[in-house]
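Below: one structure, written as structure tokens.
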Amino acid sequence: MSRVALVTGASRGIGYAVAKTLVSAGMEVLGTATSEEGAGAISEALGGAGKGYVLNVQEKSSVVDFFETIAEYHSPPLILVNNAGITRDSLAIRMKDDDWEEVIQTNLSSIYRVTKNCLRGMMKARWGRIINVSSVVSRIGNAGQTNYAASKAGIEAYSRSLALELASRGITVNSVAPGFIETDLTQDIVEKQSETMLSRVPLGRFGNVQEVAALVDFLASDKAGYITGETVHINGGMYMN
Ligand SMILES: NC(=O)c1ccc[n+]([C@@H]2O[C@H](COP(=O)([O-])OP(=O)(O)OC[C@H]3O[C@@H](n4cnc5c(N)ncnc54)[C@H](OP(=O)(O)O)[C@@H]3O)[C@@H](O)[C@H]2O)c1
């Protein structure tokens with residue numbers, strides 16, 4: 001029987017590519033979007049090997065409803081890709097409380113909530129893969145993104161501690177930290193500051209979603225069983241660990 005993989009934020013960008021790649025690797029994929037329309041599009045894109053569901057990771061009640069629903073129809077997810085994320089950029093001096101809260105809730109607190117709901121199933125199976133999507137910004141910082149950078153640094157610290165808690169159960173926990181990848185999230189920057197951005201990337205181009213998906217696919221596989229608590233960077237050389 002194929003393993004069930006849960007990918008949050010699978011309607012677009014990196015999450016969409018990850019969901020498609022994991023289906024190709026033989027997994028049953030549950031992908032989430034914030035709207036019924038998005039969930040329907042995921043079901044269509046994944047064909048018989050997956051299904052789209054509505055999940056707003058900002059809302060505790062949505063997380064509860066989501067896990068109740070999938071428990072009716074699927075085995076517990078043994079692979080979890082916490083990918084959903086947003087930006088609300090502003091210089092710190094002008095940042096609104098809502099912009100801070102929304103980013104921390106969506107990018108960081110969500111991971112605590114969603115992951116907690118998957119742990120029992122993974123522990124019972126004595127096998128699991130948790131992959132949290134961070135960002136290069138967690139290491140190098142970015143003016144205008146104090147909220148986003150803090151959320152992503154939190155993800156990496158959370159992942160290391162959780163990795164220690166779960167190692168004896170055969171569950172690995174890693175972060176993936178992309179640099180500039182062309183998606184809706186970066187569309188504005190790519191359009192307006194393309195040259196400045198590319199001058200910071202030794203490989204001289206933006207990354208694409210398939211490249212990130214391939215890395216997630218590897219970390220989700222049996223082959224990556226000896227990697228845990230790690231942050232794997234994928235950024236064309238703009239930051240070297
Ligand atoms: N693109 C990059 O260069 C880059 C670089 C570093 C890190 N990352 C990280 O990679 C991840 C994916 O980024 P992306 O560029 O693929 O973003 P994207 O194209 O903007 O897609 C974001 C995804 O997250 C979902 N989402 C947004 N708010 C949500 C919420 N409250 N609850 C549940 N799902 C929500 C969206 O669902 P809807 O379609 O329903 O809105 C969508 O599926 C993020 O964590 C981001 O921080 C991206």
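Chain labels run A, B, ... following the order of the structure tokens; each chain numbers its residues from 1, and ligands are numbered from 1 in the order shown.
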How would you write, as a PyMOL selection string, the set of residues no farther than 7 Å from ligand 1 when counting only C-alpha atoms and all ligand atoms? chain A and resi 8-15+32-35+38+55-58+83-86+106-107+133-136+177-186
Write out as a PyMOL selection string the residues lying within 9 Å of region 141-146 of chain A, counting only C-alpha atoms and excluding same-chain residues fewer than 4 positions away. chain A and resi 87-92+95+100+136-137+150-151
Provide the CA of Arg113 (chain A) to CA of Ala19 (chain A) distance in Å, to one decimal place. 20.5 Å
Please identify all polymer residues within 12 Å of Leu215 (chain A), counting only C-alpha atoms, omitting same-chain residues fewer than 3 positions from it, and present them as a short mmCIF file (atom, residue, chain, number, x, y, z; two decimals) with C-alpha atoms, in the first residue's frame.
data_model
loop_
_atom_site.label_atom_id
_atom_site.label_comp_id
_atom_site.auth_asym_id
_atom_site.auth_seq_id
_atom_site.Cartn_x
_atom_site.Cartn_y
_atom_site.Cartn_z
CA ILE A 14 6.34 24.90 -4.59
CA ALA A 17 5.15 20.82 -7.63
CA VAL A 18 5.86 18.79 -4.47
CA THR A 21 6.28 14.86 -7.66
CA LEU A 22 5.23 12.75 -4.68
CA VAL A 81 5.37 18.63 4.03
CA ILE A 131 9.77 18.34 5.93
CA ASN A 132 9.28 21.99 6.82
CA VAL A 133 9.75 24.69 4.20
CA ASN A 174 14.24 18.38 8.29
CA SER A 175 13.88 21.87 6.85
CA VAL A 176 14.33 22.89 3.25
CA ALA A 177 15.46 26.49 2.75
CA PRO A 178 14.91 27.80 -0.80
CA ASN A 208 12.27 26.58 -10.27
CA VAL A 209 9.67 24.69 -8.28
CA GLN A 210 10.64 21.30 -9.73
CA GLU A 211 14.12 21.66 -8.27
CA VAL A 212 12.70 22.23 -4.79
CA PHE A 218 14.49 12.79 -1.71
CA LEU A 219 14.07 13.81 1.94
CA ALA A 220 10.68 12.04 1.97
CA SER A 221 12.18 8.79 0.69
CA LYS A 223 17.07 6.86 0.95
CA ALA A 224 17.19 9.90 3.24
CA THR A 231 18.35 22.46 7.06
CA VAL A 232 19.06 21.79 3.41
CA HIS A 233 19.72 24.95 1.38
CA ILE A 234 18.67 25.27 -2.26
CA ASN A 235 19.57 28.74 -3.46
#
Among region 3-239 of chain A, which residues carry a DSSP assignment of helix (DSSP H, G or I), reported as a ChimeraX atom specification? /A:13-24,36-49,60-73,92-94,97-125,137-140,146-169,184-198,209-219,222-224
Point-to-point distance from CA of Leu6 (chain A) to CA of Leu80 (chain A), Å rounded to tenths: 4.9 Å
Residue list (strand (DSSP E), DSSP) for region 4-233 of chain A, as a count of residues only: 36
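Candidate residues A:Asp98, A:Ile42, A:Tyr239, A:Val114 were compared for distance to Asp65 (chain A), and the nearest is A:Val114, using only C-alpha atoms.
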Would you work out the distance separating CA of Glu156 (chain A) from CA of Lys51 (chain A), expressed in Å to one decimal? 28.4 Å
Using only C-alpha atoms, which of the listed residues (A:Leu203, A:Val64, A:Lys20, A:Glu59) sits closest to Gly47 (chain A)? A:Lys20
Please identify all polymer residues within 8 Å of Gly236 (chain A), counting only C-alpha atoms, omitting same-chain residues fewer than 4 positions from it, and present them as a PyMOL selection string. chain A and resi 179+201-207
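Between Ile130 (chain A) and the candidates A:Glu28, A:Asp217, A:Glu37, A:Glu101, the tightest atom-to-atom separation, counting only C-alpha atoms, involves A:Asp217.
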With distances taken over only C-alpha atoms, which of A:Met27, A:Ala167, A:Leu78, A:Ile155 is nearest to Ser2 (chain A)? A:Met27
